[in-house]
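Taking it in order: structure first as structure tokens, then the write-up.
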Amino acid sequence: MGGSVLTVAFVLACTLHFGVQNLFIHYKRFDDFNHRSSHKTLATLTGGIGIFLTLLLVAVYHYLNQVELFDYSLFIPLGIMFVIGVYDDLYNADFKLKFFLQIIVAKILIDQGFVITNYYGLFGMYEIPWILAQLSTIFVFLVVVNAINFIDGIDGLAITEVLKIILLIEFFSNRLTTLAPLGFLVVASVMPLYYFNFKKKRKVFLGDGGSMLLGTLVMIYVLYALGENFNFKENVRLNKTLFVILVLLYPLFDLLRVFIIRIKKGKSPFVADKKHLHHYFLQRGLSPLNSLLIIQFLSIAIFAILICT
């Protein structure tokens, strides 16, 4: 896939993010202010719509010209999760319904060949039975997708984390993965959101549609990295399971931390609050940008230290 395709995707994404936002503003579909909001200005939850439409339009154009940029069947799980997220943005879907649909999507990915069949020594296990492989894949899917959703609380944090995960897995691979065209298209379609996220007025946020979409893509990358077709560069000697955990370190840590805090207080771990790590920095007077930079610096530093030991 050439740079021209990525350039087109970037320009298309800029146009779509702007256009979809104005459409939602016209119909007065804004992100409500509440006790958990980190913004006090007009904003729309349309970032995911812009990303998905960019991917869809680029894919359709190449499909009609008989060019397979990536496995187009991945639009099935990605599309379902996107629709679930947009529905949640608009109508606040019950979390039990979302979990049920996420399990279905996880099963679709398993049937497409994205499944954890080897623990690579984790808990002393290597090759595992098929039933355990499916159950563990579903569990990891639920954890990862919702962890990405949970960290989407301040400008630029979730998209930075997703881009970092994609680029780290591609960087450590001995060659570009078969997911690279899809991953790089997502990178191109996400980049304009930095501008729209950090604007003082008329912001565009990912929304659950975006976080669910990107969380699913991250999970696809994770399952690929744990599969037989992924190999590290020649000079890299890493355990695949440990590598994936380190790549996902921040969202997994924040998810576990918040769950422990909520359970200790006798609350449901799924009831939203302002106990995330990014809220901690905001409450101490740091700006969203400085909070983002600190979190990413710590995350990358810990990743580098643990990878090198």
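Residue names in the structure tokens use chain letters A, B, ... in the order shown, residue numbers from 1 in each chain, and ligand numbers from 1 in the order shown.
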
Neighbour list for region 70-78 of chain A as number ranges by chain, cut-off 7 Å, only C-alpha atoms, skip fewer than 3 positions in-chain: A: 81-82, 105, 108-109, 179, 181-182, 213, 216

Could you dump the residues just selected with C-alpha atoms as a PDB file, in the first residue's frame?
ATOM      1  CA  MET A  81     -18.536  -3.241  17.466  1.00  0.00           C
ATOM      2  CA  PHE A  82     -18.732   0.181  15.820  1.00  0.00           C
ATOM      3  CA  VAL A 105     -18.002 -10.596  18.123  1.00  0.00           C
ATOM      4  CA  ILE A 108     -16.697 -14.308  15.122  1.00  0.00           C
ATOM      5  CA  LEU A 109     -12.989 -13.470  15.416  1.00  0.00           C
ATOM      6  CA  LEU A 179      -2.748  -6.329   9.262  1.00  0.00           C
ATOM      7  CA  PRO A 181      -2.517  -1.929   5.567  1.00  0.00           C
ATOM      8  CA  LEU A 182      -5.561  -1.831   7.845  1.00  0.00           C
ATOM      9  CA  LEU A 213     -13.913   0.119  16.917  1.00  0.00           C
ATOM     10  CA  THR A 216     -11.490  -4.331  18.475  1.00  0.00           C
TER      11      THR A 216
END

Looking only at strand (DSSP E or B) from DSSP on the backbone, list the matching residues of region 19-261 of chain A as a ChimeraX atom specification. /A:43-44,118,127,173,203-204,232

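Backbone DSSP over region 89-126 of chain A yields helix (DSSP H, G or I) at Asp89, Leu90, Tyr91, Phe95, Lys96, Leu97, Lys98, Phe99, Phe100, Leu101, Gln102, Ile103, Ile104, Val105, Ala106, Lys107, Ile108, Leu109, Ile110, Asp111, Leu122, Phe123 and Gly124 of chain A.
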
File of the preceding selection, C-alpha atoms, as a PDB file, in the first residue's frame:
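Written file, result-v8.pdb:
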ATOM      1  CA  ASP A  89     -23.420   6.922  22.445  1.00  0.00           C
ATOM      2  CA  LEU A  90     -26.944   7.763  21.347  1.00  0.00           C
ATOM      3  CA  TYR A  91     -29.086   5.678  23.679  1.00  0.00           C
ATOM      4  CA  PHE A  95     -23.717  -2.922  29.829  1.00  0.00           C
ATOM      5  CA  LYS A  96     -25.034  -6.503  29.968  1.00  0.00           C
ATOM      6  CA  LEU A  97     -26.316  -6.165  26.394  1.00  0.00           C
ATOM      7  CA  LYS A  98     -22.958  -4.761  25.292  1.00  0.00           C
ATOM      8  CA  PHE A  99     -21.117  -7.651  26.958  1.00  0.00           C
ATOM      9  CA  PHE A 100     -23.369 -10.194  25.243  1.00  0.00           C
ATOM     10  CA  LEU A 101     -22.761  -8.641  21.822  1.00  0.00           C
ATOM     11  CA  GLN A 102     -19.027  -8.389  22.515  1.00  0.00           C
ATOM     12  CA  ILE A 103     -18.946 -12.112  23.240  1.00  0.00           C
ATOM     13  CA  ILE A 104     -20.608 -12.745  19.867  1.00  0.00           C
ATOM     14  CA  VAL A 105     -18.002 -10.596  18.123  1.00  0.00           C
ATOM     15  CA  ALA A 106     -15.209 -12.436  19.950  1.00  0.00           C
ATOM     16  CA  LYS A 107     -16.636 -15.719  18.672  1.00  0.00           C
ATOM     17  CA  ILE A 108     -16.697 -14.308  15.122  1.00  0.00           C
ATOM     18  CA  LEU A 109     -12.989 -13.470  15.416  1.00  0.00           C
ATOM     19  CA  ILE A 110     -12.286 -16.974  16.728  1.00  0.00           C
ATOM     20  CA  ASP A 111     -14.034 -18.467  13.704  1.00  0.00           C
ATOM     21  CA  LEU A 122       2.338 -18.353  30.997  1.00  0.00           C
ATOM     22  CA  PHE A 123       1.182 -20.218  34.124  1.00  0.00           C
ATOM     23  CA  GLY A 124       3.372 -23.079  32.880  1.00  0.00           C
TER      24      GLY A 124
END

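Using only C-alpha atoms for every distance, the candidate list A:Val11, A:Thr241, A:Ile49, A:Arg175 yields A:Ile49 as the residue closest to Leu23 (chain A).
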
Write out as a ChimeraX atom specification each polymer residue whose atoms come within 10 Å of region 244-251 of chain A, counting only C-alpha atoms; drop sequence neighbours fewer than 3 positions from it. /A:143-152,158,161-162,164-166,168-169,218,221-223,225-226,239-241,254-257,277,295-296,298-300,302-304,306-307
